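Shown next, in structure tokens, is the structure this report addresses.
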Amino acid sequence: MQDRVTRVVMIAAVILLALFVLQPYVSSYLFAAREARPVTARGDLADFERSTIRIFETVAPSVVQVVAVPRGGRRPAGEDSSASGTGFVWDAAGHVVTNDHVVANGESLAVRLASGEVLPAEVVGQAPNYDLAVLRLRQSGRLPAPIAVGRSADLKVGQAAYAIGNPF
């Protein structure tokens with residue numbers, strides 16, 4: 001009797017192990033698509049999508065990446081030794097608006113334009129309470145057009161707002 005129970009338990013264990021090992025193959029056979037899914041054209045864009053795309057294409061060239069190397073030298077191995085954030089070109093004189101927390105402890109600043117060009121910069125103004133800082137590019141040759149800004153008094157409740165950041 002004991003011998004028979006052991007055999008039944010062993011056979012059950014082998015069957016369960018086989019089912020466990022074969023499960024991905026059985027699932028892929030039973031639930032896999034038999035033919036390729038057709039890809040259809042998306043269709044026309046909605047008006048709000050065209051508007052959003054136009055805003056992005058207009059503003060994106062003026063969005064920059066700001067990188068600040070901290071004061072005091074190096075950090076321990078494995079820690080990032082720089083702060084990075086997004087900013088935008090404010091005017092043709094080479095001023096860039098960014099966040100104060102990005103440049104607050106920076107000794108050396110660099111700004112990467114959308115073109116890929118990297119320019120040195122210096123802080124010319126900070127407002128830590130508002131987390132804003134203004135940089136001046138040291139070499140302001142060909143800069144993208146400044147972003148058009150409005151007045152907060154012209155804003156309406158429910159109006160759309162877009163945040164366009166630098167992907168770097």
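Here's how to read the names in the structure tokens: chain A, B, ... by the order shown, residue numbers from 1 in each chain, ligand numbers from 1 in the order shown.
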
Within 10 Å of Gly125 of chain A, counting only C-alpha atoms, which residues show up once you throw out same-chain ones fewer than 3 positions away? Write them as a list in words, please.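 Counting only the stated atoms, we get Val97, Asp100, Glu122, Pro128, Leu132, Ala133, Val134, Leu135 and Arg136 of chain A.
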
Residue set, segment 67-165 of chain A restricted to alpha helix (DSSP H), as a short mmCIF file (atom, residue, chain, number, x, y, z; two decimals) with C-alpha atoms, in the first residue's frame:
data_model
loop_
_atom_site.label_atom_id
_atom_site.label_comp_id
_atom_site.auth_asym_id
_atom_site.auth_seq_id
_atom_site.Cartn_x
_atom_site.Cartn_y
_atom_site.Cartn_z
CA ASP A 100 16.94 78.33 -8.94
CA HIS A 101 17.35 74.84 -7.44
CA VAL A 102 19.23 73.77 -10.59
CA VAL A 103 21.88 76.51 -10.36
#

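Here atom CA of Pro70 of chain A and atom CA of Thr98 of chain A stand 16.2 Å from one another.
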
DSSP on the backbone: which residues in segment 21-143 of chain A end up as strand (DSSP E)? Give the answer as a ChimeraX atom specification. /A:63-70,83-89,95-98,106-112,118-127,132-137

Set the distance at 8 Å and use only C-alpha atoms: which residues neighbour Gly87 of chain A once local chain neighbours fewer than 4 positions away are removed? I'd like the list as a list in words.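 Counting only the stated atoms, we get Val63, Val64, Gln65, Val66, Val96, Val97, Thr98, Asn99, Gly165 and Asn166 of chain A.
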
Just-selected residues, N, CA, C and O atoms written as a PDB file, in the first residue's frame:
ATOM      1  N   VAL A  63      13.748  76.021 -26.028  1.00  0.00           N
ATOM      2  CA  VAL A  63      13.887  75.292 -24.762  1.00  0.00           C
ATOM      3  C   VAL A  63      15.306  74.749 -24.685  1.00  0.00           C
ATOM      4  O   VAL A  63      15.838  74.219 -25.650  1.00  0.00           O
ATOM      5  N   VAL A  64      15.934  74.906 -23.513  1.00  0.00           N
ATOM      6  CA  VAL A  64      17.338  74.530 -23.342  1.00  0.00           C
ATOM      7  C   VAL A  64      17.505  73.595 -22.149  1.00  0.00           C
ATOM      8  O   VAL A  64      16.624  73.488 -21.291  1.00  0.00           O
ATOM      9  N   GLN A  65      18.645  72.942 -22.114  1.00  0.00           N
ATOM     10  CA  GLN A  65      19.050  72.149 -20.956  1.00  0.00           C
ATOM     11  C   GLN A  65      20.097  72.962 -20.203  1.00  0.00           C
ATOM     12  O   GLN A  65      21.025  73.504 -20.807  1.00  0.00           O
ATOM     13  N   VAL A  66      19.944  73.056 -18.883  1.00  0.00           N
ATOM     14  CA  VAL A  66      20.896  73.764 -18.036  1.00  0.00           C
ATOM     15  C   VAL A  66      21.595  72.733 -17.160  1.00  0.00           C
ATOM     16  O   VAL A  66      20.935  71.914 -16.516  1.00  0.00           O
ATOM     17  N   VAL A  96      18.640  83.471 -20.141  1.00  0.00           N
ATOM     18  CA  VAL A  96      17.919  82.200 -20.060  1.00  0.00           C
ATOM     19  C   VAL A  96      17.250  82.135 -18.693  1.00  0.00           C
ATOM     20  O   VAL A  96      17.886  82.438 -17.677  1.00  0.00           O
ATOM     21  N   VAL A  97      15.981  81.755 -18.659  1.00  0.00           N
ATOM     22  CA  VAL A  97      15.254  81.584 -17.396  1.00  0.00           C
ATOM     23  C   VAL A  97      15.235  80.096 -17.070  1.00  0.00           C
ATOM     24  O   VAL A  97      14.959  79.264 -17.940  1.00  0.00           O
ATOM     25  N   THR A  98      15.537  79.770 -15.814  1.00  0.00           N
ATOM     26  CA  THR A  98      15.553  78.381 -15.360  1.00  0.00           C
ATOM     27  C   THR A  98      15.116  78.331 -13.909  1.00  0.00           C
ATOM     28  O   THR A  98      14.697  79.349 -13.346  1.00  0.00           O
ATOM     29  N   ASN A  99      15.238  77.174 -13.270  1.00  0.00           N
ATOM     30  CA  ASN A  99      14.888  77.036 -11.855  1.00  0.00           C
ATOM     31  C   ASN A  99      16.098  77.329 -10.981  1.00  0.00           C
ATOM     32  O   ASN A  99      17.217  76.916 -11.291  1.00  0.00           O
ATOM     33  N   GLY A 165       9.492  70.706 -21.607  1.00  0.00           N
ATOM     34  CA  GLY A 165      10.805  70.602 -20.988  1.00  0.00           C
ATOM     35  C   GLY A 165      11.819  70.019 -21.955  1.00  0.00           C
ATOM     36  O   GLY A 165      11.488  69.483 -23.008  1.00  0.00           O
ATOM     37  N   ASN A 166      13.080  70.141 -21.561  1.00  0.00           N
ATOM     38  CA  ASN A 166      14.170  69.618 -22.366  1.00  0.00           C
ATOM     39  C   ASN A 166      14.292  68.115 -22.127  1.00  0.00           C
ATOM     40  O   ASN A 166      14.328  67.680 -20.979  1.00  0.00           O
TER      41      ASN A 166
END

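Between atom CA of Val118 of chain A and atom CA of Phe56 of chain A the interatomic distance comes to 21.8 Å.
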
Provide the atom CA of Leu155 of chain A to atom CA of Asp91 of chain A distance in Å, to one decimal place.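 Here the two named atoms are 22.3 Å from each other.
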
Please determine, counting only C-alpha atoms, which residue among A:Asp44, A:Glu117, A:Arg4, A:Ala153 has the shortest atom-to-atom distance to Gly141 of chain A.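 The shortest atom-to-atom distance to Gly141 of chain A comes from A:Glu117.
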
For Ala110 of chain A, which residue among A:Met10, A:Val5, A:Ala68, A:Ala33 is the nearest when counting only C-alpha atoms? A:Ala68

Which one of A:Ser51, A:Arg37, A:Val59, A:Ser82 sits closest to Ala163 of chain A if you count only C-alpha atoms?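 Smallest separation from Ala163 of chain A among the options: A:Val59.
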